[in-house]
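*Asks:* query34.cif is reproduced in full below (mmCIF, C-alpha atoms).
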```cif
data_data
loop_
_atom_site.group_PDB
_atom_site.id
_atom_site.type_symbol
_atom_site.label_atom_id
_atom_site.label_comp_id
_atom_site.auth_asym_id
_atom_site.auth_seq_id
_atom_site.Cartn_x
_atom_site.Cartn_y
_atom_site.Cartn_z
ATOM 1 C CA MET K 1 -45.005 -2.536 -9.458
ATOM 2 C CA SER K 2 -46.806 -2.452 -6.077
ATOM 3 C CA ARG K 3 -44.101 -4.590 -4.490
ATOM 4 C CA HIS K 4 -41.416 -2.335 -5.936
ATOM 5 C CA THR K 5 -43.098 0.752 -4.454
ATOM 6 C CA LYS K 6 -43.665 -0.834 -1.033
ATOM 7 C CA TYR K 7 -40.123 -2.110 -0.449
ATOM 8 C CA ILE K 8 -38.116 0.470 -2.392
ATOM 9 C CA ASP K 9 -36.388 1.912 0.710
ATOM 10 C CA LYS K 10 -35.631 -1.410 2.409
ATOM 11 C CA ASN K 11 -32.338 -3.235 2.263
ATOM 12 C CA THR K 12 -33.940 -6.564 1.296
ATOM 13 C CA ARG K 13 -32.669 -9.569 -0.607
ATOM 14 C CA TYR K 14 -35.348 -8.861 -3.229
ATOM 15 C CA PHE K 15 -33.729 -5.579 -4.196
ATOM 16 C CA HIS K 16 -30.207 -7.016 -4.081
ATOM 17 C CA ASN K 17 -31.331 -9.694 -6.555
ATOM 18 C CA LEU K 18 -33.070 -7.042 -8.645
ATOM 19 C CA THR K 19 -29.892 -4.966 -8.774
ATOM 20 C CA SER K 20 -27.757 -7.984 -9.693
ATOM 21 C CA ALA K 21 -30.146 -8.974 -12.489
ATOM 22 C CA ARG K 22 -30.110 -5.450 -13.864
ATOM 23 C CA ARG K 23 -26.311 -5.366 -13.737
ATOM 24 C CA TRP K 24 -26.046 -8.603 -15.700
ATOM 25 C CA SER K 25 -28.639 -7.489 -18.262
ATOM 26 C CA ASN K 26 -26.733 -4.245 -18.866
ATOM 27 C CA GLN K 27 -23.352 -5.942 -19.122
ATOM 28 C CA ILE K 28 -21.696 -6.017 -22.562
ATOM 29 C CA ASP K 29 -19.752 -9.250 -22.992
ATOM 30 C CA ALA K 30 -18.928 -8.881 -26.695
ATOM 31 C CA LEU K 31 -19.363 -6.558 -29.685
ATOM 32 C CA ALA K 32 -19.670 -7.378 -33.385
ATOM 33 C CA ILE K 33 -17.039 -5.357 -35.288
ATOM 34 C CA SER K 34 -17.040 -5.685 -39.103
ATOM 35 C CA GLY K 35 -18.920 -8.950 -38.798
ATOM 36 C CA ARG K 36 -16.408 -10.354 -36.306
ATOM 37 C CA LEU K 37 -17.384 -10.996 -32.702
ATOM 38 C CA GLU K 38 -14.890 -9.392 -30.298
ATOM 39 C CA ALA K 39 -15.179 -10.590 -26.710
ATOM 40 C CA SER K 40 -14.642 -8.255 -23.775
ATOM 41 C CA PRO K 41 -11.122 -8.773 -22.359
ATOM 42 C CA LEU K 42 -10.846 -10.488 -19.002
ATOM 43 C CA VAL K 43 -9.384 -8.413 -16.198
ATOM 44 C CA GLY K 44 -6.620 -10.018 -14.177
ATOM 45 C CA ILE K 45 -3.500 -9.320 -12.187
ATOM 46 C CA ARG K 46 -0.392 -11.419 -11.862
ATOM 47 C CA ASP K 47 0.739 -12.902 -8.568
ATOM 48 C CA ASP K 48 3.193 -11.099 -6.272
ATOM 49 C CA LEU K 49 2.246 -7.707 -7.737
ATOM 50 C CA VAL K 50 0.552 -6.611 -4.499
ATOM 51 C CA ASN K 51 1.376 -7.249 -0.856
ATOM 52 C CA LYS K 52 -0.490 -10.051 0.886
ATOM 53 C CA ILE K 53 -1.794 -10.433 4.428
ATOM 54 C CA GLN K 54 -1.092 -13.509 6.524
ATOM 55 C CA GLU K 55 -3.638 -16.322 6.947
ATOM 56 C CA ASP K 56 -4.060 -15.596 10.654
ATOM 57 C CA GLU K 57 -4.739 -11.930 9.823
ATOM 58 C CA ALA K 58 -7.405 -12.910 7.297
ATOM 59 C CA THR K 59 -9.011 -15.207 9.891
ATOM 60 C CA ASP K 60 -8.933 -12.496 12.548
ATOM 61 C CA LEU K 61 -10.698 -10.058 10.207
ATOM 62 C CA GLU K 62 -13.659 -12.428 9.891
ATOM 63 C CA ARG K 63 -13.849 -13.246 13.606
ATOM 64 C CA MET K 64 -17.214 -12.376 15.171
ATOM 65 C CA HIS K 65 -17.182 -9.008 16.917
ATOM 66 C CA SER K 66 -17.608 -8.731 20.678
ATOM 67 C CA ALA K 67 -19.659 -6.286 22.738
ATOM 68 C CA ASP K 68 -16.446 -4.714 24.073
ATOM 69 C CA GLU K 69 -15.176 -4.140 20.551
ATOM 70 C CA ILE K 70 -18.402 -2.405 19.580
ATOM 71 C CA LYS K 71 -18.294 -0.192 22.686
ATOM 72 C CA GLU K 72 -14.695 0.792 21.915
ATOM 73 C CA ALA K 73 -15.802 1.744 18.394
ATOM 74 C CA VAL K 74 -18.587 3.904 19.834
ATOM 75 C CA TRP K 75 -16.158 5.797 22.052
ATOM 76 C CA ASP K 76 -13.766 6.133 19.126
ATOM 77 C CA CYS K 77 -16.395 8.092 17.155
ATOM 78 C CA GLU K 78 -16.435 11.876 17.286
ATOM 79 C CA SER K 79 -19.136 13.015 19.734
ATOM 80 C CA SER K 80 -20.044 16.394 18.236
ATOM 81 C CA LYS K 81 -20.529 15.407 14.590
ATOM 82 C CA THR K 82 -23.616 16.658 12.727
ATOM 83 C CA LEU K 83 -26.843 14.907 13.662
ATOM 84 C CA GLY K 84 -27.972 12.078 11.426
ATOM 85 C CA CYS K 85 -31.405 11.734 9.881
ATOM 86 C CA ASP K 86 -32.626 10.195 13.157
ATOM 87 C CA GLY K 87 -31.805 13.398 15.049
ATOM 88 C CA TYR K 88 -29.120 11.888 17.319
ATOM 89 C CA ASN K 89 -25.354 12.105 17.388
ATOM 90 C CA MET K 90 -22.714 9.972 19.097
ATOM 91 C CA ASN K 91 -22.672 12.191 22.180
ATOM 92 C CA PHE K 92 -26.255 11.109 22.930
ATOM 93 C CA ILE K 93 -25.325 7.431 22.494
ATOM 94 C CA LYS K 94 -22.392 7.775 24.905
ATOM 95 C CA LYS K 95 -24.320 9.722 27.558
ATOM 96 C CA CYS K 96 -27.201 7.198 27.535
ATOM 97 C CA TRP K 97 -25.080 4.085 27.099
ATOM 98 C CA GLY K 98 -26.214 2.656 30.441
ATOM 99 C CA LYS K 99 -29.811 2.458 29.188
ATOM 100 C CA ILE K 100 -29.538 1.918 25.428
ATOM 101 C CA GLY K 101 -26.106 0.249 25.236
ATOM 102 C CA PRO K 102 -27.351 -3.382 25.123
ATOM 103 C CA GLU K 103 -29.948 -2.658 22.408
ATOM 104 C CA PHE K 104 -27.485 -0.580 20.393
ATOM 105 C CA THR K 105 -24.869 -3.335 20.622
ATOM 106 C CA ALA K 106 -27.415 -5.950 19.537
ATOM 107 C CA ALA K 107 -28.353 -3.857 16.493
ATOM 108 C CA VAL K 108 -24.707 -3.630 15.408
ATOM 109 C CA MET K 109 -23.987 -7.308 16.037
ATOM 110 C CA ASP K 110 -27.071 -8.329 14.044
ATOM 111 C CA PHE K 111 -25.448 -6.807 10.972
ATOM 112 C CA PHE K 112 -22.324 -8.945 11.316
ATOM 113 C CA GLN K 113 -24.309 -12.090 12.115
ATOM 114 C CA LEU K 114 -27.065 -11.747 9.491
ATOM 115 C CA ALA K 115 -25.268 -9.581 6.900
ATOM 116 C CA GLU K 116 -28.326 -7.304 6.869
ATOM 117 C CA LEU K 117 -28.564 -3.715 8.041
ATOM 118 C CA PRO K 118 -31.188 -2.886 10.672
ATOM 119 C CA ARG K 119 -34.298 -1.256 9.253
ATOM 120 C CA ASP K 120 -33.829 2.406 8.238
ATOM 121 C CA SER K 121 -30.197 2.442 9.457
ATOM 122 C CA ASN K 122 -28.879 3.088 5.952
ATOM 123 C CA VAL K 123 -31.088 6.134 5.379
ATOM 124 C CA THR K 124 -28.702 8.982 4.567
ATOM 125 C CA TRP K 125 -29.055 12.712 4.102
ATOM 126 C CA VAL K 126 -26.620 14.226 1.609
ATOM 127 C CA ALA K 127 -25.712 17.919 1.888
ATOM 128 C CA LEU K 128 -23.397 20.066 -0.232
ATOM 129 C CA ALA K 129 -20.657 21.933 1.630
ATOM 130 C CA PRO K 130 -18.601 24.643 -0.160
ATOM 131 C CA LYS K 131 -14.885 23.932 -0.400
ATOM 132 C CA PHE K 132 -14.117 27.637 -0.079
ATOM 133 C CA VAL K 133 -15.894 30.974 0.344
ATOM 134 C CA GLY K 134 -17.687 32.082 -2.800
ATOM 135 C CA ALA K 135 -18.138 28.638 -4.358
ATOM 136 C CA ARG K 136 -20.369 28.782 -7.432
ATOM 137 C CA GLU K 137 -19.832 25.656 -9.517
ATOM 138 C CA ILE K 138 -20.705 22.043 -8.730
ATOM 139 C CA LYS K 139 -17.028 21.068 -8.614
ATOM 140 C CA ASP K 140 -16.550 23.677 -5.865
ATOM 141 C CA LEU K 141 -18.968 21.845 -3.575
ATOM 142 C CA ARG K 142 -18.182 18.793 -1.467
ATOM 143 C CA PRO K 143 -20.988 16.305 -0.764
ATOM 144 C CA ILE K 144 -21.180 15.143 2.854
ATOM 145 C CA SER K 145 -23.315 12.284 4.110
ATOM 146 C CA MET K 146 -25.190 12.552 7.403
ATOM 147 C CA VAL K 147 -25.742 8.961 8.451
ATOM 148 C CA GLY K 148 -27.216 7.399 11.566
ATOM 149 C CA CYS K 149 -25.237 6.292 14.613
ATOM 150 C CA VAL K 150 -25.667 2.549 13.992
ATOM 151 C CA TYR K 151 -24.292 2.934 10.481
ATOM 152 C CA LYS K 152 -21.339 4.983 11.788
ATOM 153 C CA VAL K 153 -20.407 2.368 14.390
ATOM 154 C CA ILE K 154 -20.619 -0.495 11.881
ATOM 155 C CA LEU K 155 -18.260 1.424 9.627
ATOM 156 C CA LYS K 156 -15.957 2.289 12.538
ATOM 157 C CA VAL K 157 -15.732 -1.374 13.610
ATOM 158 C CA LEU K 158 -14.763 -2.402 10.076
ATOM 159 C CA VAL K 159 -12.236 0.422 9.770
ATOM 160 C CA ARG K 160 -10.592 -0.420 13.100
ATOM 161 C CA ARG K 161 -10.073 -4.027 12.040
ATOM 162 C CA MET K 162 -8.846 -3.116 8.571
ATOM 163 C CA GLY K 163 -6.439 -0.633 10.153
ATOM 164 C CA ARG K 164 -4.466 -3.525 11.626
ATOM 165 C CA VAL K 165 -3.480 -4.911 8.223
ATOM 166 C CA MET K 166 -3.445 -1.787 6.046
ATOM 167 C CA PRO K 167 0.101 -0.639 6.938
ATOM 168 C CA GLY K 168 1.466 -3.805 5.343
ATOM 169 C CA LEU K 169 -0.579 -3.334 2.162
ATOM 170 C CA VAL K 170 -0.242 0.376 1.400
ATOM 171 C CA GLY K 171 2.950 1.419 -0.362
ATOM 172 C CA GLU K 172 5.392 3.770 1.355
ATOM 173 C CA THR K 173 5.161 6.240 -1.545
ATOM 174 C CA GLN K 174 1.393 6.729 -1.250
ATOM 175 C CA SER K 175 0.551 10.055 0.359
ATOM 176 C CA ALA K 176 -3.209 10.412 -0.209
ATOM 177 C CA PHE K 177 -5.735 8.892 2.207
ATOM 178 C CA VAL K 178 -3.009 7.733 4.604
ATOM 179 C CA GLN K 179 -3.080 8.735 8.261
ATOM 180 C CA GLY K 180 -0.235 11.082 9.095
ATOM 181 C CA LYS K 181 0.342 12.052 5.448
ATOM 182 C CA LYS K 182 -1.137 14.766 3.254
ATOM 183 C CA ILE K 183 -1.931 14.728 -0.448
ATOM 184 C CA HIS K 184 0.158 17.884 -0.871
ATOM 185 C CA ASP K 185 3.272 15.941 0.179
ATOM 186 C CA GLY K 186 3.410 14.436 -3.319
ATOM 187 C CA THR K 187 3.535 17.883 -4.914
ATOM 188 C CA LEU K 188 6.349 19.019 -2.633
ATOM 189 C CA ILE K 189 8.378 15.873 -3.309
ATOM 190 C CA ALA K 190 7.849 16.244 -7.072
ATOM 191 C CA CYS K 191 9.124 19.855 -6.938
ATOM 192 C CA GLU K 192 12.205 18.813 -4.966
ATOM 193 C CA ILE K 193 12.976 16.009 -7.427
ATOM 194 C CA VAL K 194 12.685 18.351 -10.431
ATOM 195 C CA GLN K 195 14.925 20.910 -8.727
ATOM 196 C CA TRP K 196 17.483 18.199 -7.879
ATOM 197 C CA LEU K 197 17.550 16.983 -11.489
ATOM 198 C CA LYS K 198 17.914 20.518 -12.859
ATOM 199 C CA GLN K 199 20.882 21.238 -10.621
ATOM 200 C CA ARG K 200 22.625 18.111 -11.893
ATOM 201 C CA LYS K 201 21.528 18.740 -15.506
ATOM 202 C CA LYS K 202 19.941 15.317 -15.846
ATOM 203 C CA LYS K 203 17.340 14.388 -18.450
ATOM 204 C CA LEU K 204 13.851 13.690 -17.215
ATOM 205 C CA ALA K 205 10.282 13.126 -18.320
ATOM 206 C CA ILE K 206 7.313 14.316 -16.270
ATOM 207 C CA ILE K 207 3.897 12.679 -16.586
ATOM 208 C CA LYS K 208 0.851 14.315 -14.996
ATOM 209 C CA LEU K 209 -2.129 12.024 -14.448
ATOM 210 C CA ASP K 210 -5.557 13.412 -13.605
ATOM 211 C CA PHE K 211 -7.569 11.124 -11.310
ATOM 212 C CA GLN K 212 -10.538 13.491 -10.926
ATOM 213 C CA LYS K 213 -13.710 11.482 -10.255
ATOM 214 C CA ALA K 214 -11.823 8.224 -10.770
ATOM 215 C CA TYR K 215 -14.107 6.510 -8.257
ATOM 216 C CA ASP K 216 -16.939 6.736 -10.820
ATOM 217 C CA ARG K 217 -15.024 4.483 -13.182
ATOM 218 C CA VAL K 218 -13.917 1.701 -10.860
ATOM 219 C CA LYS K 219 -14.224 -1.812 -12.270
ATOM 220 C CA TRP K 220 -15.543 -3.667 -9.235
ATOM 221 C CA LYS K 221 -14.567 -7.091 -10.563
ATOM 222 C CA PHE K 222 -10.985 -5.853 -10.603
ATOM 223 C CA VAL K 223 -11.320 -4.698 -6.983
ATOM 224 C CA ASP K 224 -12.566 -8.179 -6.012
ATOM 225 C CA ILE K 225 -9.556 -9.726 -7.738
ATOM 226 C CA ILE K 226 -7.207 -7.391 -5.845
ATOM 227 C CA PHE K 227 -8.761 -8.430 -2.521
ATOM 228 C CA GLN K 228 -8.300 -12.092 -3.411
ATOM 229 C CA LYS K 229 -4.668 -11.529 -4.373
ATOM 230 C CA MET K 230 -4.102 -9.735 -1.070
ATOM 231 C CA GLY K 231 -5.342 -12.774 0.833
ATOM 232 C CA PHE K 232 -8.699 -11.503 2.108
ATOM 233 C CA GLY K 233 -11.424 -14.061 2.752
ATOM 234 C CA GLN K 234 -14.722 -14.203 0.898
ATOM 235 C CA ARG K 235 -16.674 -12.757 3.812
#
```
Here is a file; write its structure as structure tokens.
*Replies:*
Amino acid sequence: MSRHTKYIDKNTRYFHNLTSARRWSNQIDALAISGRLEASPLVGIRDDLVNKIQEDEATDLERMHSADEIKEAVWDCESSKTLGCDGYNMNFIKKCWGKIGPEFTAAVMDFFQLAELPRDSNVTWVALAPKFVGAREIKDLRPISMVGCVYKVILKVLVRRMGRVMPGLVGETQSAFVQGKKIHDGTLIACEIVQWLKQRKKKLAIIKLDFQKAYDRVKWKFVDIIFQKMGFGQR
């Protein structure tokens, strides 16, 4: 118990192993139904169902990052964002780059070399921002995370690299979470299609799917399988 209390806020291998053990102990592999043991179905996906990146692209994604690449990621971050829990924003990092640049770069590169976050860099403050004036219910509030600068740059570096291969993986019909597109585009297109079908008196069936809070129900093993099918490396 003392060890658990002492290292509870540290991103250590001990707690990763503890989390993995807890996940396996809580996993349900099979259920006995009417005296018959029913195993949990295996999740899979057939080949050629998703687009795949090239081998050289997969290799380039895992290439060690350079100091120039990290600096470009720093300058690509918004300067005036809300301060993180350390009290600094990216504008401070840019203005003082001549003095703290080498140490900041080393902190970011350590993550990619050791696969461990620098101490306290993953400490995050979560605040609730109203989606509109007069918000009263929980669903009317949007959680925002105020993270430190090192964490932001690590994320930015990963996003910049992933951005090179994403256009070949994302379908043309996807409108949400795609740069240059808006989620409302899907609604407008659906209305135009319905109007077009009505004018031509064609039969149709409309299916409305609600994906609210779908991220809470993601099967991570399935996500790993998707990455493998898309050609991403293990790292």
*Asks:* Evaluating the PyMOL selection byres ((chain K and resi 225-229) around 9) on the displayed file yields which residues, as a PDB file with C-alpha atoms, keeping the file's coordinate frame?
*Replies:*
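Result file is out_26.pdb:
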```pdb
ATOM      1  CA  VAL K  43      -9.384  -8.413 -16.198  1.00  0.00           C
ATOM      2  CA  GLY K  44      -6.620 -10.018 -14.177  1.00  0.00           C
ATOM      3  CA  ILE K  45      -3.500  -9.320 -12.187  1.00  0.00           C
ATOM      4  CA  ARG K  46      -0.392 -11.419 -11.862  1.00  0.00           C
ATOM      5  CA  ASP K  47       0.739 -12.902  -8.568  1.00  0.00           C
ATOM      6  CA  ASP K  48       3.193 -11.099  -6.272  1.00  0.00           C
ATOM      7  CA  LEU K  49       2.246  -7.707  -7.737  1.00  0.00           C
ATOM      8  CA  VAL K  50       0.552  -6.611  -4.499  1.00  0.00           C
ATOM      9  CA  ASN K  51       1.376  -7.249  -0.856  1.00  0.00           C
ATOM     10  CA  LYS K  52      -0.490 -10.051   0.886  1.00  0.00           C
ATOM     11  CA  TRP K 220     -15.543  -3.667  -9.235  1.00  0.00           C
ATOM     12  CA  LYS K 221     -14.567  -7.091 -10.563  1.00  0.00           C
ATOM     13  CA  PHE K 222     -10.985  -5.853 -10.603  1.00  0.00           C
ATOM     14  CA  VAL K 223     -11.320  -4.698  -6.983  1.00  0.00           C
ATOM     15  CA  ASP K 224     -12.566  -8.179  -6.012  1.00  0.00           C
ATOM     16  CA  MET K 230      -4.102  -9.735  -1.070  1.00  0.00           C
ATOM     17  CA  GLY K 231      -5.342 -12.774   0.833  1.00  0.00           C
ATOM     18  CA  PHE K 232      -8.699 -11.503   2.108  1.00  0.00           C
ATOM     19  CA  GLY K 233     -11.424 -14.061   2.752  1.00  0.00           C
ATOM     20  CA  GLN K 234     -14.722 -14.203   0.898  1.00  0.00           C
TER      21      GLN K 234
END
```
*Asks:* If we count only C-alpha atoms and set the cut-off at 9 Å, which residues sit around Val165 (chain K), ignoring sequence neighbours fewer than 6 positions away in its own chain? Please answer as a ChimeraX atom specification.
*Replies:* /K:53,57-58
*Asks:* Counting only C-alpha atoms, which of K:Asp68, K:Glu55, K:Glu78, K:Asp60 gets nearest to Arg164 (chain K)?
*Replies:*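 Closest candidate: K:Asp60.
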*Asks:* What is the distance between CA of Lys156 (chain K) and CA of His65 (chain K), in Å to one decimal?
*Replies:* 12.2 Å
*Asks:* Name the closest residue to Lys208 (chain K) among the candidates K:Ala190, K:Ala127, K:Val178, K:Val153; distances are taken between atoms, counting all atoms listed in the file.
*Replies:*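 Smallest distance to Lys208 (chain K) is found for K:Ala190.
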*Asks:* For the file shown, report as a PyMOL selection string the outcome of the PyMOL selection byres ((chain K and resi 134-151) around 7) at residue level.
*Replies:* chain K and resi 82-86+89-90+108+121-133+152-155
*Asks:* Would you pick out the contacts of Met64 (chain K) at 9 Å or less, using only C-alpha atoms, so that residues sharing its chain but fewer than 2 positions from it are not included, and give the list as JSON, numbers by chain?
*Replies:* {"K": [60, 61, 62, 66, 109, 112, 113]}
*Asks:* Residues within 12 Å of Gly186 (chain K), please, as a PyMOL selection string. Count all atoms listed in the file; anything in the same chain fewer than 3 positions from it doesn't count.
*Replies:* chain K and resi 172-176+181-183+189-193+208
*Asks:* Output C-alpha atoms of each residue in that selection to a file, as a PDB file, keeping the file's coordinate frame.
*Replies:*
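Written out: again.pdb:
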```
ATOM      1  CA  GLU K 172       5.392   3.770   1.355  1.00  0.00           C
ATOM      2  CA  THR K 173       5.161   6.240  -1.545  1.00  0.00           C
ATOM      3  CA  GLN K 174       1.393   6.729  -1.250  1.00  0.00           C
ATOM      4  CA  SER K 175       0.551  10.055   0.359  1.00  0.00           C
ATOM      5  CA  ALA K 176      -3.209  10.412  -0.209  1.00  0.00           C
ATOM      6  CA  LYS K 181       0.342  12.052   5.448  1.00  0.00           C
ATOM      7  CA  LYS K 182      -1.137  14.766   3.254  1.00  0.00           C
ATOM      8  CA  ILE K 183      -1.931  14.728  -0.448  1.00  0.00           C
ATOM      9  CA  ILE K 189       8.378  15.873  -3.309  1.00  0.00           C
ATOM     10  CA  ALA K 190       7.849  16.244  -7.072  1.00  0.00           C
ATOM     11  CA  CYS K 191       9.124  19.855  -6.938  1.00  0.00           C
ATOM     12  CA  GLU K 192      12.205  18.813  -4.966  1.00  0.00           C
ATOM     13  CA  ILE K 193      12.976  16.009  -7.427  1.00  0.00           C
ATOM     14  CA  LYS K 208       0.851  14.315 -14.996  1.00  0.00           C
TER      15      LYS K 208
END
```
*Asks:* Have a look at CA of Glu116 (chain K) and CA of Tyr88 (chain K) and let me know their distance in Å, one decimal.
*Replies:*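 Taking CA of Glu116 (chain K) as the start and CA of Tyr88 (chain K) as the end point, the length is 21.9 Å.
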*Asks:* For CA of Gln195 (chain K) and CA of Gly171 (chain K), quote the distance in Å rounded to one decimal.
*Replies:*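 Computing it gives 24.4 Å between the two atoms.
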